[in-house]
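Read the structure below first, then the notes.
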Amino acid sequence: EPQDARQMSGILGAELGAYLSRHLAEHTTVGLGWGQTLSNALPSIVPRQSEGTRVISLLGGLTRVSSVNPSEFAWRVADRLNAECHLLTAPVFAPDRATREALRNHPGIAELFARARTLDMAIVSVGALTPHSLFFEYGLLSREEIASLEASGAVGDVLCHFINEEGEPISHPVNDRVVAVNPMDLRATREVILVSGGWEKLKAITAAMKLLRP
């Protein structure tokens, strides 16, 4: 582990980019999560002229532009791979469950969710409920919602679905509002790559491994 914990994200991202450059085959459909670590992979992805490669964003975007916007990240990866890109063009959190369901039933979004069940590869990261999380930084959730999630047993999230220590999605209104592929749907994916690090995420990473286990 690096002496400066802040370097962890860059190191993991660089390794991910190098891995994709070496191992990503043509005619492959790749689903992408989001986060700073995954974004740090971009410079290490060697541009190529691939054939039949598809990139799918597995969750909605941010309404306030940032360097780790899921939609932009998926598009930038697709650009480097010369791949077809499928974007989940909706906010990552809907205002309520009914709106979430209406968005999921949109034909284009429904098609994306269907494609996500037959991925060749999925790349996701783990978020922890810390003062440095993106949920705090970008105001995606209120402090009251974060406190309520913690009180309900949440230790972190995968694709913005909050899970407990056993890797089980918790019953909570925030999980009812998320516009993202359910990580449990990734269990049939041929290769799932979980990219996260740091002692503050240990519980969340352990839980995510249980969640994604086939």
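Ordering of the structure tokens sets the chain letters (A, B, ...); residue numbers start at 1 within each chain; ligands are numbered from 1 in the order shown.
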>> To test your reading of the structure, identify every residue in range 18-98 of chain A that backbone DSSP assigns to alpha helix (DSSP H), and report it as a ChimeraX atom specification.
In response: /A:18-23,36-39,70-81,97-98
Per residue of range 20-63 of chain A within 7 Å of range 112-119 of chain A, record the nearest atom pair and its distance in Å to one decimal, counting only C-alpha atoms, with rows in chain order and ascending residue number, as CSV.
```
residue,atom,partner,partner_atom,distance
A:Thr29,CA,A:Leu119,CA,5.4
A:Val30,CA,A:Leu119,CA,6.1
A:Gly31,CA,A:Leu119,CA,6.6
```
> Within 10 Å of Asn164 in chain A, counting only C-alpha atoms, which residues qualify if same-chain residues fewer than 4 places away don't, as a ChimeraX atom specification?
Replying inline: /A:149-150,152-157,168-171,203-204,207-208,211
Residue selection dump (N, CA, C and O atoms) as a compact mmCIF listing (two decimals), in the first residue's frame:
```txt
# COMPACT_ATOMS: atom_id res chain seq x y z
N LEU A 149 -28.98 5.54 6.19
CA LEU A 149 -28.39 4.37 5.56
C LEU A 149 -27.47 3.64 6.54
O LEU A 149 -27.52 2.40 6.66
N GLU A 150 -26.66 4.39 7.25
CA GLU A 150 -25.76 3.77 8.24
C GLU A 150 -26.56 3.09 9.34
O GLU A 150 -26.22 1.97 9.77
N SER A 152 -29.35 1.76 9.05
CA SER A 152 -29.99 0.58 8.47
C SER A 152 -29.00 -0.54 8.18
O SER A 152 -29.36 -1.58 7.63
N GLY A 153 -27.71 -0.30 8.50
CA GLY A 153 -26.71 -1.34 8.34
C GLY A 153 -25.85 -1.24 7.10
O GLY A 153 -25.05 -2.14 6.83
N ALA A 154 -25.98 -0.17 6.34
CA ALA A 154 -25.19 -0.04 5.12
C ALA A 154 -23.71 0.19 5.46
O ALA A 154 -23.38 0.98 6.35
N VAL A 155 -22.84 -0.51 4.72
CA VAL A 155 -21.40 -0.32 4.89
C VAL A 155 -20.78 0.30 3.63
O VAL A 155 -19.61 0.70 3.64
N GLY A 156 -21.54 0.35 2.54
CA GLY A 156 -21.02 0.92 1.30
C GLY A 156 -21.98 0.61 0.17
O GLY A 156 -23.11 0.17 0.40
N ASP A 157 -21.51 0.87 -1.05
CA ASP A 157 -22.40 0.65 -2.19
C ASP A 157 -21.63 0.04 -3.37
O ASP A 157 -20.42 0.21 -3.49
N GLU A 168 -25.71 -7.95 1.24
CA GLU A 168 -27.13 -7.94 0.87
C GLU A 168 -27.60 -6.50 0.69
O GLU A 168 -27.34 -5.65 1.55
N PRO A 169 -28.31 -6.19 -0.41
CA PRO A 169 -28.89 -4.86 -0.55
C PRO A 169 -29.86 -4.60 0.61
O PRO A 169 -30.67 -5.46 0.96
N ILE A 170 -29.73 -3.45 1.23
CA ILE A 170 -30.59 -3.14 2.37
C ILE A 170 -31.94 -2.62 1.89
O ILE A 170 -32.07 -2.11 0.78
N SER A 171 -32.94 -2.76 2.74
CA SER A 171 -34.26 -2.20 2.45
C SER A 171 -34.25 -0.75 2.91
O SER A 171 -34.22 -0.46 4.12
N LYS A 203 -14.49 -3.05 4.88
CA LYS A 203 -15.80 -3.69 5.10
C LYS A 203 -16.63 -3.68 3.83
O LYS A 203 -17.29 -4.68 3.49
N ALA A 204 -16.61 -2.56 3.12
CA ALA A 204 -17.42 -2.44 1.91
C ALA A 204 -16.92 -3.37 0.82
O ALA A 204 -17.71 -3.99 0.10
N ALA A 207 -17.91 -6.94 1.66
CA ALA A 207 -19.33 -7.12 1.41
C ALA A 207 -19.62 -7.21 -0.08
O ALA A 207 -20.43 -8.03 -0.52
N ALA A 208 -18.93 -6.40 -0.88
CA ALA A 208 -19.15 -6.40 -2.32
C ALA A 208 -18.73 -7.73 -2.94
O ALA A 208 -19.38 -8.23 -3.87
N LEU A 211 -21.51 -10.04 -2.40
CA LEU A 211 -22.63 -9.68 -3.27
C LEU A 211 -22.45 -10.20 -4.68
O LEU A 211 -23.39 -10.72 -5.30
```
> Using only C-alpha atoms, which of the listed residues (A:Arg177, A:Ala128, A:Leu20, A:Glu145) sits closest to Trp199 in chain A?
Replying inline: A:Ala128
> Of the candidates A:Ile205, A:Leu186, A:Ala110, A:Leu194, which one gets nearest to Leu16 in chain A if we count only C-alpha atoms?
Replying inline: A:Leu194
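Assigned to strand (DSSP E) in range 38-203 of chain A, given DSSP computed from backbone atoms, are Arg54, Val55, Ile56, Ser57, Glu84, Cys85, His86, Met121, Ala122, Ile123, Val124, Val126, Gly127, Ala128, Gly156, Asp157, Val158, His161, Phe162, Ile163, Glu191, Val192, Ile193 and Leu194 of chain A.
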>> Set the distance at 7 Å and use only C-alpha atoms: which residues neighbour Pro183 in chain A once local chain neighbours fewer than 5 positions away are removed? I'd like the list as a list in words.
In response: Val158, Leu159 and Leu212 of chain A
> So, counting only C-alpha atoms, which residue among A:Ala78, A:Arg54, A:Leu62, A:Leu202 is closest to Phe135 in chain A?
Replying inline: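 Among the listed residues, the smallest separation from Phe135 in chain A belongs to A:Leu62.
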> Between A:Pro95, A:Gly60, A:Gly108, A:Gly17, which has the minimum distance to Leu141 in chain A (counting only C-alpha atoms)?
Replying inline: A:Pro95
>> Please compute the CA of Asn40 in chain A-CA of Gly198 in chain A distance, one decimal, in Å.
In response: 15.5 Å
> Interatomic distance between CA of Ala83 in chain A and CA of Tyr19 in chain A?
Replying inline: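 Interatomic distance here is 17.1 Å.
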> Which neighbours of Gly35 in chain A fall inside 10 Å, counting only C-alpha atoms, when residues of the same chain fewer than 5 positions from it are skipped, and could you give them as a list in words?
Replying inline: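 So, after excluding close chain neighbours, the residues are Ser9, Asn40, Ser67, Val68, Asn69, Pro70, Phe73, Val124, Ser125, Val126, Gly127, Ser133, Leu134, Leu159, Val195 and Ser196 of chain A.
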> In terms of the shortest atom-to-atom distance over only C-alpha atoms, which of A:Arg76, A:His172, A:His86, A:Arg190 is closest to Leu42 in chain A?
Replying inline: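 Nearest to Leu42 in chain A: A:Arg76.
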